[in-house]
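Remarks on the structure that follows.
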Number of protein chains: 2
Amino acid sequence: MATTLKDVAAHVGVHPSTVSRVLHGKENLKISEKTTKKILKAVKELNYIPDFTARTLRMKKSFTIGLIVPDILNPYFARIARQIEQLGFEKKYTVIVCNTDEDQDKEILYLNQLTSRGVDGIIIAPVQETKEHIENLIEKKTPLVLIDRIFDNLNVNAVISNDSDSVFKAMSHFVKLGHENIAFLKGQENIYTIKDRLKSFNKALTKYKLKKNKDFVVGNGFEFEDGYEATLKLLSLEKTPSAILSAGGDLVTLGAIKAIVEKGLSIPKDISLIAFFDSYYPPFLATPLTTISHYRKQIGENAFKLLLEQIESKKPEKPKTVCIDTRFEIRDSTAKPNNTL
Amino acid sequence: MATTLKDVAAHVGVHPSTVSRVLHGKENLKISEKTTKKILKAVKELNYIPDFTARTLRMKKSFTIGLIVPDILNPYFARIARQIEQLGFEKKYTVIVCNTDEDQDKEILYLNQLTSRGVDGIIIAPVQETKEHIENLIEKKTPLVLIDRIFDNLNVNAVISNDSDSVFKAMSHFVKLGHENIAFLKGQENIYTIKDRLKSFNKALTKYKLKKNKDFVVGNGFEFEDGYEATLKLLSLEKTPSAILSAGGDLVTLGAIKAIVEKGLSIPKDISLIAFFDSYYPPFLATPLTTISHYRKQIGENAFKLLLEQIESKKPEKPKTVCIDTRFEIRDSTAKPNNTL
DNA sequence: TTGTATTAAGCAATCGATTGTTTCATACAA
DNA sequence: TTGTATGAAACAATCGATTGCTTAATACAA
């Protein structure tokens with residue numbers, strides 16, 4: 001059995017409350033230096049470590065935050081999670097990591113779990129089927145930060161990325177090379193991030209006076225297979241695109257590459273590729289990939305900071321949405337269209 | 001404020017203990033069907049969710065497990081963590097993820113945190129500077145499972161991989177191709193896994209009657225830079241190796257590849273490479289990498305199972321060490337030595 | 001010597017749920 | 001009618017730490 005406050009108190013011959021006060025150094029109640037010393041000595045001798053559960057129950061403060069993401073295996077979320085854990089550690093907070101697999105039921109279950117465990121706040125990349133459960137949270141004044149994905153008309157702290165900017169750069173790059181038939185490989189539909197990227201894509205088409213082709217927008221989901229299947233479909237069209245903007249992230253892109261290779265096509269000779277990609281592999285790939293990537297550390301930092309502000313402030317602050325820049329890096333996966341195809 | 005047992009009890013007009021018993025269906029005390037129904041109705045109406053903290057305090061059972069790994073960004077640990085979280089979810093356990101960055105002080109701090117929070121058990125890939133803090137845990141009968149790394153003479157549940165087997169396969173592959181000068185790129189020293197791989201490497205050298213060359217064993221650390229620096233050193237030797245076994249995992253290997261490319265060498269023409277590598281990228285790399293990899297899902301599963309057994313069993317079971325097979329996959333990063341160099 | 005500050009530490013309620021024990025009321029048998 | 005068995009629900013202690021309030025003891029002034 002672990003040592004408790006009572007044990008320490010008994011050992012010194014004082015009341016538990018006295019021990020507690022010594023350990024917290026409240027200004028309003030003074031304990032004599034002699035007793036203080038005796039108590040501190042006993043605390044060390046008995047190796048007393050306060051019971052967090054009891055403290056949480058009494059103080060309504062758990063020093064725990066919940067992090068809900070689709071999949072911690074995704075390098076994008078992994079890096080963000082790592083940063084949040086790091087900053088949490090410095091501030092004595094512990095992080096409970098929850099994966100939803102883009103399943104909203106799981107998300108809701110976790111949300112209830114976390115609430116029941118009395119977490120001080122939640123950082124979430126929501127599944128975005130519906131938003132009532134998020135609204136409930138806000139109503140209950142649970143400190144909350146959305147990452148990566150936001151809802152229309154929902155006034156809450158959030159950290160997102162300026163994907164739009166990089167999409168325009170990517171499209172401009174394609175256009176300069178002479179591409180006119182550019183396909184858009186989506187990730188999962190209904191996700192804010194994907195809708196935002198698609199919107200920018202369409203705007204860019206308009207800006208560069210390119211024809212919109214419904215068949216050139218394909219895919220649904222964030223898995224390897226999703227990218228693979230969608231790209232196969234794309235490459236089976238009568239008229240195939242000469243360039244692809246892969247917006248579903250690392251796995252989807254790898255799936256796309258597999259499909260392209262299987263079709264006997266070569267990147268960038270036969271088809272150009274720009275991808276949203278967040279791990280450190282692009283320079284090492286068969287064709288070093290031209291990418292749009294995120295400052296994941298910054299996203300994590302900002303999310304944690306916003307959450308901590310909410311947790312520590314007495315009066316509710318006005319929710320902020322922080323938008324982080326993105327990075328467009330040209331490598332070798334883009335070239336002029338191959339008009340002999 | 002969230003609804004409490006008391007609220008529900010007051011709403012129905014019964015005692016809180018009655019509500020508690022209805023919700024737990026203890027066999028020994030019977031509650032009339034009428035009251036049961038009324039209570040269940042109230043629970044729904046008031047949307048009562050039990051307070052986990054209070055329950056934990058009273059029951060000495062938190063339905064929480066701690067997972068301590070060097071770095072959740074490492075695909076090896078990420079996949080294991082994911083599996084543990086998954087199985088935990090199914091059994092109503094929540095996982096607190098802690099990264100040590102191979103810093104034992106951080107490990108100890110986290111261990112104390114977790115204990116203070118009353119976790120039901122801990123799964124840990126320890127830093128392995130010393131082992132007293134782990135021994136303490138065992139003494140306190142904390143359910144515990146080591147992963148990836150074990151200590152000599154420490155009787156505790158563990159899940160490790162049969163790296164040795166794959167090292168022999170890799171070495172046999174090198175030898176068959178005609179390599180005689182094979183280097184070993186270590187990860188961080190003093191880690192069981194690395195020592196184990198090195199031991200197997202040396203045994204293989206003996207078996208194939210190859211000369212042992214001290215200069216051919218290099219590196220210390222698990223980061224990109226560590227692999228990069230060590231490999232540069234290796235390639236600056238008067239007599240350079242014709243093959244490298246990279247034992248430090250994904251990042252170290254990428255560092256090695258960078259160094260090789262920078263030196264103007266080509267894989268596998270000038271130098272052959274086999275690496276411990278655990279993400280899904282090898283087929284997509286510039287030179288598809290011949291790898292030794294782990295069944296990470298299985299490792300996670302076994303670790304969770306072992307932990308759960310300890311948590312749920314009354315009498316202490318005899319500790320087991322589970323050893324999981326590894327996978328040796330030949331791709332394109334190995335060839336005959338280039339004797340013109 | 002009595003009264004009043006002042007300082008130091010103890011008392012007891014509280015957080016919310018669980019659980020061994022007790023009480024109460026009804027039913028049934030003697 | 002009295003006594004006992006039984007079923008249903010209340011009581012109260014507990015987990016460990018925190019904290020507003022009270023008490024005790026000492027010092028000092030009147």
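Just remember, in the structure tokens the first chain shown is A, the second B, etc., residues are 1-based per chain, and ligands are 1-based in the order shown.
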
Compile the contact shell of Asn190 in chain B as a tab-separated table (two decimals) with N, CA and C atoms, in the first residue's frame: residues with an atom at most 9 Å away, counting only C-alpha atoms (C1' of nucleotides), same-chain residues fewer than 6 positions apart removed.
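Output (selection.tsv):
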chain	number	residue	atom	x	y	z
B	127	VAL	N	14.32	2.53	-20.76
B	127	VAL	CA	15.52	3.16	-21.28
B	127	VAL	C	16.76	2.31	-20.99
B	128	GLN	N	16.70	1.58	-19.91
B	128	GLN	CA	17.75	0.60	-19.59
B	128	GLN	C	19.10	1.18	-19.21
B	129	GLU	N	19.09	2.33	-18.54
B	129	GLU	CA	20.35	2.77	-17.93
B	129	GLU	C	20.58	1.93	-16.68

- Message: For a quick test of understanding: name the residues of chain A lying within 7 Å of chain D when counting only C-alpha atoms (C1' of nucleotides), and present them as a PyMOL selection string.
- Response: chain A and resi 4+51+54-55+58

Please produce a file of the residues just selected, as a PDB file, in the first residue's frame, where the atoms kept are C-alpha atoms.
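again.pdb written:
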ATOM      1  CA  THR A   4      -1.038   8.444   2.413  1.00  0.00           C
ATOM      2  CA  ASP A  51      -2.866  10.224  -4.690  1.00  0.00           C
ATOM      3  CA  ALA A  54      -8.265  11.697  -4.521  1.00  0.00           C
ATOM      4  CA  ARG A  55      -6.957  15.107  -5.355  1.00  0.00           C
ATOM      5  CA  ARG A  58     -11.721  16.901  -4.334  1.00  0.00           C
TER       6      ARG A  58
END

- Which residues in range 26-143 of chain B does DSSP call helix (DSSP H, G or I)? List them as a ChimeraX atom specification. /B:33-45,52-59,75-90,104-116,132-139

- Could you pull out the strand (DSSP E) residues of range 6-139 of chain B from DSSP and send them as a ChimeraX atom specification? /B:64-69,94-99,121-124

Mind dumping the selected residues with N, CA and C atoms as a compact mmCIF listing (two decimals), in the first residue's frame?
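Everything below was put into again-v5.txt:
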# COMPACT_ATOMS: atom_id res chain seq x y z
N THR B 64 -7.36 2.17 -16.33
CA THR B 64 -6.38 2.96 -17.07
C THR B 64 -5.08 2.19 -17.10
N ILE B 65 -4.41 2.19 -18.26
CA ILE B 65 -3.07 1.63 -18.27
C ILE B 65 -2.10 2.65 -18.84
N GLY B 66 -0.89 2.57 -18.33
CA GLY B 66 0.14 3.48 -18.79
C GLY B 66 1.02 2.80 -19.83
N LEU B 67 1.33 3.54 -20.86
CA LEU B 67 2.23 3.01 -21.89
C LEU B 67 3.42 3.95 -22.01
N ILE B 68 4.60 3.43 -21.69
CA ILE B 68 5.79 4.27 -21.73
C ILE B 68 6.71 3.78 -22.83
N VAL B 69 6.93 4.63 -23.81
CA VAL B 69 7.81 4.27 -24.93
C VAL B 69 8.80 5.39 -25.17
N THR B 94 -8.50 2.76 -20.78
CA THR B 94 -8.00 3.97 -21.41
C THR B 94 -6.48 3.95 -21.30
N VAL B 95 -5.80 4.51 -22.30
CA VAL B 95 -4.34 4.43 -22.31
C VAL B 95 -3.70 5.80 -22.17
N ILE B 96 -2.81 5.93 -21.23
CA ILE B 96 -2.02 7.15 -21.09
C ILE B 96 -0.67 6.91 -21.76
N VAL B 97 -0.38 7.69 -22.78
CA VAL B 97 0.86 7.49 -23.54
C VAL B 97 1.95 8.43 -23.05
N CYS B 98 3.12 7.89 -22.77
CA CYS B 98 4.23 8.67 -22.27
C CYS B 98 5.47 8.43 -23.13
N ASN B 99 6.12 9.50 -23.56
CA ASN B 99 7.36 9.40 -24.33
C ASN B 99 8.55 9.75 -23.45
N GLY B 121 -2.07 -0.95 -14.60
CA GLY B 121 -0.90 -1.66 -15.08
C GLY B 121 -0.08 -0.80 -16.01
N ILE B 122 1.12 -1.26 -16.29
CA ILE B 122 2.03 -0.46 -17.12
C ILE B 122 2.72 -1.34 -18.17
N ILE B 123 2.75 -0.84 -19.39
CA ILE B 123 3.53 -1.49 -20.45
C ILE B 123 4.66 -0.53 -20.79
N ILE B 124 5.87 -1.04 -20.77
CA ILE B 124 7.00 -0.11 -20.91
C ILE B 124 8.13 -0.69 -21.76

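CA of Val156 in chain B sits 17.2 Å away from CA of Ile191 in chain B.
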
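Using only C-alpha atoms (C1' of nucleotides), we find that the part of chain B lying within 10 Å of chain C comprises Thr4, Leu5, Lys6, Pro16, Ser17, Ser20, Arg21, Pro50, Asp51, Phe52, Thr53, Ala54, Arg55, Thr56, Leu57, Arg58 and Met59 of chain B.
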
Create the file for the chosen residues now, containing N, CA and C atoms and written as a tab-separated table (two decimals), in the first residue's frame.
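Everything below was put into again_2.tsv:
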chain	number	residue	atom	x	y	z
B	4	THR	N	-25.10	13.44	-10.57
B	4	THR	CA	-24.44	12.45	-9.73
B	4	THR	C	-25.44	11.38	-9.30
B	5	LEU	N	-24.90	10.37	-8.65
B	5	LEU	CA	-25.75	9.31	-8.11
B	5	LEU	C	-26.83	9.91	-7.21
B	6	LYS	N	-26.39	10.85	-6.41
B	6	LYS	CA	-27.29	11.51	-5.45
B	6	LYS	C	-28.46	12.16	-6.19
B	16	PRO	N	-28.96	6.77	-2.56
B	16	PRO	CA	-27.94	6.59	-3.59
B	16	PRO	C	-27.46	5.14	-3.71
B	17	SER	N	-27.31	4.48	-2.60
B	17	SER	CA	-26.79	3.11	-2.65
B	17	SER	C	-27.72	2.22	-3.47
B	20	SER	N	-26.92	2.78	-7.05
B	20	SER	CA	-25.67	2.12	-7.37
B	20	SER	C	-25.88	0.62	-7.58
B	21	ARG	N	-26.68	0.02	-6.70
B	21	ARG	CA	-26.88	-1.43	-6.82
B	21	ARG	C	-27.66	-1.79	-8.08
B	50	PRO	N	-21.54	7.93	-14.61
B	50	PRO	CA	-20.82	7.82	-13.34
B	50	PRO	C	-19.48	8.54	-13.39
B	51	ASP	N	-19.09	9.06	-12.27
B	51	ASP	CA	-17.81	9.75	-12.16
B	51	ASP	C	-16.70	8.73	-11.96
B	52	PHE	N	-15.86	8.65	-12.96
B	52	PHE	CA	-14.79	7.65	-12.94
B	52	PHE	C	-13.81	7.88	-11.81
B	53	THR	N	-13.57	9.13	-11.54
B	53	THR	CA	-12.59	9.44	-10.50
B	53	THR	C	-13.04	8.91	-9.15
B	54	ALA	N	-14.28	9.18	-8.82
B	54	ALA	CA	-14.81	8.71	-7.54
B	54	ALA	C	-14.77	7.19	-7.48
B	55	ARG	N	-15.17	6.59	-8.56
B	55	ARG	CA	-15.18	5.13	-8.60
B	55	ARG	C	-13.77	4.58	-8.43
B	56	THR	N	-12.83	5.21	-9.10
B	56	THR	CA	-11.44	4.77	-9.00
B	56	THR	C	-10.96	4.85	-7.56
B	57	LEU	N	-11.26	5.95	-6.93
B	57	LEU	CA	-10.81	6.16	-5.56
B	57	LEU	C	-11.36	5.06	-4.65
B	58	ARG	N	-12.64	4.82	-4.81
B	58	ARG	CA	-13.28	3.85	-3.93
B	58	ARG	C	-12.85	2.42	-4.25
B	59	MET	N	-12.79	2.11	-5.52
B	59	MET	CA	-12.58	0.70	-5.90
B	59	MET	C	-11.11	0.34	-6.10

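When the distance limit is 9 Å and only C-alpha atoms (C1' of nucleotides) are what count, the residues near Thr142 in chain B, minus those fewer than 4 positions from it on the same chain, are Thr115, Val119, Asp120, Gly121, Ile122, Leu137, Ile138, Gln310 and Ile311 of chain B.
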
- Task: Might you pull out every residue within 12 Å of Glu301 in chain B, with only C-alpha atoms (C1' of nucleotides) counted and same-chain residues fewer than 6 positions away left off, and present them as a ChimeraX atom specification?
- Result: /B:79-88,123,145,147,158-159,295,307-308,322,324

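Ranking A:Lys61, A:His179, A:Lys336, A:Lys258 by their shortest atom-to-atom distance to Leu210 in chain A, with only C-alpha atoms included, puts A:His179 first.
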
- Would you mind listing what lies within 12 Å of Gly178 in chain B as a ChimeraX atom specification, with only C-alpha atoms (C1' of nucleotides) counted and same-chain residues fewer than 3 positions away left out? /B:171-175,181-182,208,210,242-243,272,334-339

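CA of Val22 in chain B is positioned 14.7 Å from CA of Ala10 in chain B.
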
- For chain B, the nearest of the candidates A:Phe222, A:Phe168, A:Tyr192, A:Tyr281, counting only C-alpha atoms: A:Tyr281

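Shortest atom-to-atom contact with Asp163 in chain B among B:Leu273, B:Cys323, B:Leu234, B:Leu306: B:Cys323, counting only C-alpha atoms.
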